[in-house]
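Source file: input-v3.txt; contents: compact mmCIF, C-alpha atoms.
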# COMPACT_ATOMS: atom_id res chain seq x y z
CA MET A 1 71.63 116.59 184.78
CA SER A 2 75.22 117.63 185.35
CA GLN A 3 77.44 118.57 182.44
CA THR A 4 79.67 115.57 183.17
CA GLU A 5 76.80 113.17 182.49
CA GLN A 6 75.47 114.84 179.35
CA LYS A 7 77.16 113.69 176.14
CA VAL A 8 78.02 116.20 173.40
CA ILE A 9 78.52 114.62 169.98
CA LEU A 10 79.58 116.06 166.63
CA VAL A 11 78.16 114.47 163.47
CA THR A 12 79.12 115.56 159.95
CA GLY A 13 76.99 115.26 156.83
CA VAL A 14 73.67 115.15 158.70
CA SER A 15 71.36 116.46 155.98
CA ARG A 16 70.37 113.02 154.68
CA GLY A 17 71.17 109.32 154.56
CA ILE A 18 73.30 107.73 157.27
CA GLY A 19 74.17 111.07 158.84
CA LYS A 20 70.56 112.08 159.43
CA SER A 21 69.79 108.59 160.66
CA ILE A 22 72.64 108.84 163.18
CA VAL A 23 71.16 112.07 164.56
CA ASP A 24 67.70 110.50 164.87
CA THR A 25 69.16 107.39 166.49
CA LEU A 26 71.26 109.31 169.01
CA PHE A 27 68.17 111.14 170.22
CA SER A 28 66.13 107.94 170.38
CA LEU A 29 68.82 106.29 172.52
CA ASP A 30 69.62 109.15 174.90
CA LYS A 31 67.08 111.84 175.76
CA ASN A 32 69.82 114.07 177.18
CA VAL A 33 72.39 113.91 174.37
CA ILE A 34 73.40 117.14 172.62
CA VAL A 35 74.24 116.87 168.92
CA TYR A 36 76.08 119.39 166.77
CA GLY A 37 75.56 118.76 163.07
CA ILE A 38 77.10 120.21 159.95
CA ALA A 39 76.11 120.10 156.28
CA ARG A 40 76.18 122.34 153.22
CA SER A 41 72.40 122.72 152.95
CA GLU A 42 70.57 124.68 155.65
CA ALA A 43 67.00 123.50 155.01
CA PRO A 44 67.49 119.93 156.34
CA LEU A 45 69.48 121.30 159.27
CA LYS A 46 66.60 123.63 160.14
CA ALA A 47 64.23 120.67 159.91
CA LEU A 48 66.33 118.76 162.46
CA LYS A 49 66.41 121.85 164.68
CA ASP A 50 62.63 122.14 164.45
CA THR A 51 62.32 118.48 165.47
CA TYR A 52 64.82 118.39 168.33
CA GLY A 53 64.93 121.99 169.54
CA ASP A 54 67.58 122.83 172.11
CA ARG A 55 69.18 119.40 171.83
CA PHE A 56 70.38 119.96 168.24
CA PHE A 57 72.65 122.73 166.98
CA TYR A 58 74.13 123.18 163.55
CA THR A 59 76.69 124.87 161.35
CA VAL A 60 76.09 125.44 157.65
CA GLY A 61 79.19 125.18 155.51
CA ASP A 62 81.80 123.31 153.53
CA ILE A 63 83.75 120.82 155.64
CA THR A 64 86.82 121.27 153.42
CA ASN A 65 87.12 124.82 154.79
CA ASP A 66 89.17 124.88 158.00
CA ASP A 67 87.53 128.11 159.17
CA THR A 68 84.13 126.42 158.90
CA LEU A 69 85.40 123.45 160.93
CA LYS A 70 86.86 125.76 163.59
CA LYS A 71 83.53 127.59 163.82
CA TYR A 72 81.76 124.22 164.12
CA VAL A 73 83.98 122.88 166.90
CA ASN A 74 84.02 126.21 168.73
CA SER A 75 80.23 126.37 168.69
CA ALA A 76 80.10 123.10 170.64
CA ILE A 77 82.71 124.24 173.15
CA GLU A 78 81.09 127.65 173.62
CA GLY A 79 77.63 126.12 173.83
CA HIS A 80 78.26 123.07 176.02
CA GLY A 81 81.87 123.19 177.15
CA LYS A 82 83.06 119.84 175.83
CA ILE A 83 83.03 117.21 173.07
CA ASN A 84 82.61 113.54 173.96
CA SER A 85 82.60 112.01 170.49
CA LEU A 86 82.70 112.86 166.83
CA ILE A 87 81.23 110.85 163.98
CA ALA A 88 82.81 111.75 160.63
CA ASN A 89 80.15 110.70 158.15
CA ALA A 90 80.27 113.23 155.30
CA GLY A 91 81.68 111.87 152.05
CA VAL A 92 81.27 111.64 148.29
CA LEU A 93 81.57 108.81 145.78
CA GLU A 94 82.49 110.64 142.60
CA PRO A 95 84.64 110.79 140.53
CA VAL A 96 83.92 107.25 139.36
CA GLN A 97 86.61 106.81 136.71
CA ASN A 98 88.50 104.01 135.06
CA ILE A 99 92.24 104.18 135.61
CA ASN A 100 92.63 105.16 131.93
CA ASN A 101 90.44 108.24 132.36
CA ILE A 102 91.67 109.80 135.58
CA ASP A 103 90.95 113.44 136.36
CA VAL A 104 93.54 114.03 139.06
CA ASN A 105 91.97 117.28 140.27
CA ALA A 106 88.66 115.48 140.78
CA TRP A 107 90.46 112.86 142.88
CA LYS A 108 92.05 115.64 144.94
CA GLN A 109 88.67 117.23 145.56
CA LEU A 110 87.25 113.88 146.70
CA TYR A 111 90.21 113.42 149.05
CA ASN A 112 89.64 116.90 150.46
CA ILE A 113 86.10 115.88 151.40
CA ASN A 114 86.55 112.20 152.32
CA PHE A 115 89.92 112.36 154.03
CA PHE A 116 91.60 115.71 154.62
CA SER A 117 88.47 117.36 156.06
CA ILE A 118 88.40 114.58 158.66
CA VAL A 119 92.10 114.99 159.43
CA SER A 120 91.42 118.71 159.94
CA LEU A 121 88.35 118.08 162.09
CA VAL A 122 90.29 115.70 164.33
CA ASP A 123 93.17 118.17 164.54
CA ILE A 124 90.82 120.94 165.68
CA ALA A 125 88.73 118.78 168.02
CA LEU A 126 91.56 116.68 169.50
CA PRO A 127 92.39 118.90 172.49
CA HIS A 128 88.73 118.74 173.54
CA LEU A 129 88.40 114.98 172.92
CA LYS A 130 91.48 114.40 175.08
CA LYS A 131 89.83 116.16 178.01
CA THR A 132 86.82 113.83 177.89
CA HIS A 133 88.78 110.70 176.86
CA GLY A 134 86.47 110.80 173.87
CA SER A 135 85.90 108.78 170.73
CA ALA A 136 86.45 109.49 167.02
CA LEU A 137 84.32 107.35 164.71
CA PHE A 138 84.91 107.30 160.97
CA VAL A 139 82.33 106.10 158.45
CA SER A 140 84.44 103.91 156.20
CA SER A 141 83.36 101.56 153.39
CA ASP A 142 83.64 98.00 152.15
CA ALA A 143 85.30 99.64 149.14
CA SER A 144 88.34 100.40 151.31
CA ASP A 145 89.50 96.81 150.98
CA THR A 146 87.31 95.44 148.15
CA TYR A 147 87.57 96.25 144.45
CA PHE A 148 84.62 97.96 142.77
CA SER A 149 85.22 99.04 139.20
CA SER A 150 86.22 102.68 138.74
CA TRP A 151 85.94 103.42 142.47
CA GLY A 152 89.68 104.02 142.89
CA ALA A 153 89.30 107.51 144.34
CA TYR A 154 86.55 106.62 146.80
CA GLY A 155 87.97 103.27 147.90
CA SER A 156 91.48 104.55 148.43
CA SER A 157 90.24 107.58 150.39
CA LYS A 158 88.37 105.24 152.75
CA ALA A 159 91.47 103.03 153.07
CA ALA A 160 93.40 106.15 154.08
CA LEU A 161 90.70 106.86 156.66
CA ASN A 162 91.11 103.36 158.12
CA HIS A 163 94.82 103.98 158.54
CA PHE A 164 94.13 107.37 160.10
CA ALA A 165 91.98 105.67 162.76
CA MET A 166 94.86 103.32 163.52
CA THR A 167 97.29 106.24 163.70
CA LEU A 168 95.06 108.26 166.00
CA ALA A 169 94.49 105.32 168.35
CA ASN A 170 98.20 104.57 168.62
CA GLU A 171 99.53 108.11 168.89
CA GLU A 172 96.98 109.64 171.30
CA LYS A 173 96.14 107.27 174.11
CA ALA A 174 93.57 109.61 175.67
CA VAL A 175 91.29 109.25 172.62
CA ARG A 176 89.92 106.10 171.00
CA ALA A 177 89.29 105.80 167.27
CA LEU A 178 87.49 103.34 165.04
CA ALA A 179 86.68 103.10 161.33
CA VAL A 180 83.43 101.24 160.63
CA ALA A 181 82.02 100.25 157.24
CA PRO A 182 78.22 100.70 157.19
CA GLY A 183 77.43 97.97 154.65
CA ILE A 184 75.49 98.72 151.47
CA VAL A 185 72.81 101.15 152.61
CA ASP A 186 69.66 102.32 150.81
CA THR A 187 70.66 105.98 150.37
CA ASP A 188 70.82 108.61 147.63
CA MET A 189 74.32 107.34 146.80
CA GLN A 190 72.83 104.02 145.75
CA VAL A 191 70.24 105.80 143.60
CA ASN A 192 73.07 107.69 141.89
CA ILE A 193 74.99 104.46 141.29
CA ARG A 194 71.99 102.73 139.71
CA GLU A 195 70.80 105.64 137.60
CA ASN A 196 73.81 107.77 136.68
CA LEU A 197 76.95 105.64 136.76
CA GLY A 198 76.19 103.48 133.75
CA PRO A 199 78.67 101.24 131.95
CA GLN A 200 80.78 104.24 130.95
CA GLY A 201 81.65 104.63 134.65
CA MET A 202 81.41 101.18 136.20
CA SER A 203 81.62 97.67 134.81
CA GLN A 204 78.30 96.16 133.79
CA GLU A 205 78.90 93.37 136.29
CA HIS A 206 79.22 95.70 139.26
CA LEU A 207 76.41 97.93 138.04
CA GLU A 208 74.05 94.95 137.84
CA MET A 209 75.18 93.81 141.28
CA PHE A 210 74.03 97.09 142.83
CA ARG A 211 70.79 97.10 140.83
CA ASP A 212 70.06 93.53 141.93
CA LEU A 213 70.63 94.42 145.58
CA LYS A 214 67.88 97.03 145.29
CA LYS A 215 65.60 94.80 143.26
CA ASP A 216 66.00 91.94 145.73
CA ASN A 217 65.45 94.25 148.73
CA LYS A 218 68.92 93.54 150.12
CA LEU A 219 70.00 97.11 150.77
CA LEU A 220 70.23 98.02 154.45
CA HIS A 221 68.04 100.65 156.07
CA SER A 222 70.25 103.49 157.28
CA SER A 223 69.08 102.98 160.87
CA ILE A 224 70.97 99.66 161.04
CA PRO A 225 74.53 101.05 160.78
CA ALA A 226 73.37 104.29 162.47
CA THR A 227 72.63 102.28 165.61
CA VAL A 228 76.22 100.98 165.68
CA TYR A 229 77.79 104.44 165.25
CA SER A 230 75.42 105.99 167.78
CA LYS A 231 75.97 103.40 170.50
CA LEU A 232 79.74 103.56 170.04
CA ALA A 233 79.62 107.36 170.28
CA LEU A 234 77.46 107.27 173.40
CA ASN A 235 79.11 104.36 175.21
CA GLY A 236 82.69 104.71 174.00
CA ILE A 237 84.91 102.50 171.86
CA PRO A 238 86.09 99.36 173.69
CA GLU A 239 89.85 99.20 174.18
CA GLU A 240 90.13 95.84 172.43
CA ILE A 241 88.94 97.27 169.08
CA ASN A 242 90.60 100.67 169.37
CA GLY A 243 92.23 101.72 166.09
CA GLN A 244 90.69 98.96 163.99
CA TYR A 245 88.67 98.91 160.79
CA LEU A 246 85.52 96.80 161.16
CA SER A 247 82.28 96.13 159.39
CA PHE A 248 79.11 97.28 161.16
CA ASP A 249 78.02 93.64 161.51
CA ALA A 250 81.30 92.35 163.00
CA GLU A 251 80.84 89.92 165.87
CA VAL A 252 82.92 92.13 168.17
CA LEU A 253 80.35 94.92 167.66
CA LYS A 254 77.39 92.71 168.61
CA GLU A 255 76.53 94.71 171.72
CA PHE A 256 76.26 97.88 169.61
CA GLN A 257 74.06 96.46 166.85
CA HIS A 258 70.62 96.41 168.50
Representation of the structure as structure tokens:
Amino acid sequence: MSQTEQKVILVTGVSRGIGKSIVDTLFSLDKNVIVYGIARSEAPLKALKDTYGDRFFYTVGDITNDDTLKKYVNSAIEGHGKINSLIANAGVLEPVQNINNIDVNAWKQLYNINFFSIVSLVDIALPHLKKTHGSALFVSSDASDTYFSSWGAYGSSKAALNHFAMTLANEEKAVRALAVAPGIVDTDMQVNIRENLGPQGMSQEHLEMFRDLKKDNKLLHSSIPATVYSKLALNGIPEEINGQYLSFDAEVLKEFQH
């Protein structure tokens, strides 16, 4: 296969949850795709490498460190000469704090992970994405435009990410961008919400809502939104939705859902 046909995709936060599911889905959809992953923990990265061999490459490190991100992007360019898409998945929920109990430094740290690391990654990868007329996909959240008690830091960081997708799409016409909310997915984040963010963090109403979703088997399997991200990364973002914020189950994404 020629290099022009083979897709090279960056995925952040691949050690578990949606990120790992995206990696698995990409390989199930395209036997020739090359994926470069990044996470803080090496063991799950090694496990993916053991599974996929010379189709998966990884960088261990903190995505809030620009030198780590440069190393990550450069490894893809040195290894395969191009980047077709990036999927910015890594993110954190905490601090979960009522407006009366804000720890501003904790909010700043969350923003460094959920927002500024993605701005930096796009900044570093943009010259390469322009060459391939590539795609930048951002894992957003329903919390970006819906109120969940004490989620001010997380929700606002995802809202900023939505706007960044719009900015990127409008200011660099060679690259398409899209922010997609994955729905409420059965991941470790949901376990943390149910078990550790009791009434002192979230309202009882919202806490019970999340617990009921699990109890009633209404949480999504991570492969469902992973399919949407993966197909968009492989096939490209359609012009008509470029720069938007959408839910994974939006009608306009129907062709990417199955």
Find the residue from A:Asn84, A:Asn98, A:Asn105, A:Thr146 that sits nearest to Pro127 of chain A; use only C-alpha atoms when measuring. A:Asn84
Who sits within 12 Å of Gly201 of chain A, all atoms listed in the file, same chain under 4 positions skipped, as a list of chain:residue names: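 Returned residues: A:Leu93, A:Glu94, A:Pro95, A:Val96, A:Gln97, A:Asn98, A:Ile99, A:Asn100, A:Asn101, A:Ile102, A:Phe148, A:Ser149, A:Ser150, A:Trp151, A:Gly152, A:Asn192, A:Ile193, A:Arg194, A:Glu195, A:Asn196, A:Leu197, A:Glu205, A:His206, A:Leu207.
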How close does segment 86-124 of chain A get to segment 172-180 of chain A? List, as JSON lines, each residue of segment 86-124 of chain A within 12 Å, its nearest atom pair and the distance in Å to one decimal, counting all atoms listed in the file.
{"residue": "A:Leu86", "atom": "CA", "partner": "A:Ala177", "partner_atom": "CA", "distance": 9.7}
{"residue": "A:Ile87", "atom": "CA", "partner": "A:Leu178", "partner_atom": "CA", "distance": 9.8}
{"residue": "A:Ala88", "atom": "CA", "partner": "A:Ala179", "partner_atom": "CA", "distance": 9.5}
{"residue": "A:Asn89", "atom": "CA", "partner": "A:Val180", "partner_atom": "CA", "distance": 10.3}
{"residue": "A:Ile118", "atom": "CA", "partner": "A:Ala179", "partner_atom": "CA", "distance": 11.9}
{"residue": "A:Val122", "atom": "CA", "partner": "A:Ala177", "partner_atom": "CA", "distance": 10.4}
{"residue": "A:Asp123", "atom": "CA", "partner": "A:Glu172", "partner_atom": "CA", "distance": 11.5}
Using only C-alpha atoms, which residues sit within 9 Å of His163 of chain A once same-chain residues fewer than 3 positions away are excluded, as a list of chain:residue names?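 My reading of the contact set: A:Lys158, A:Ala159, A:Ala160, A:Met166, A:Thr167, A:Leu168, A:Ala179, A:Gly243, A:Gln244, A:Tyr245.
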Nearest to Gly61 of chain A by atom-to-atom distance, counting only C-alpha atoms, from A:Asn170, A:Ser85, A:Gln109, A:Ser15: A:Ser15
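For the set A:Val60, A:Ile83, A:Leu126, A:Ile224, the residue with the smallest atom-to-atom gap to Lys46 of chain A is A:Val60, counting only C-alpha atoms.
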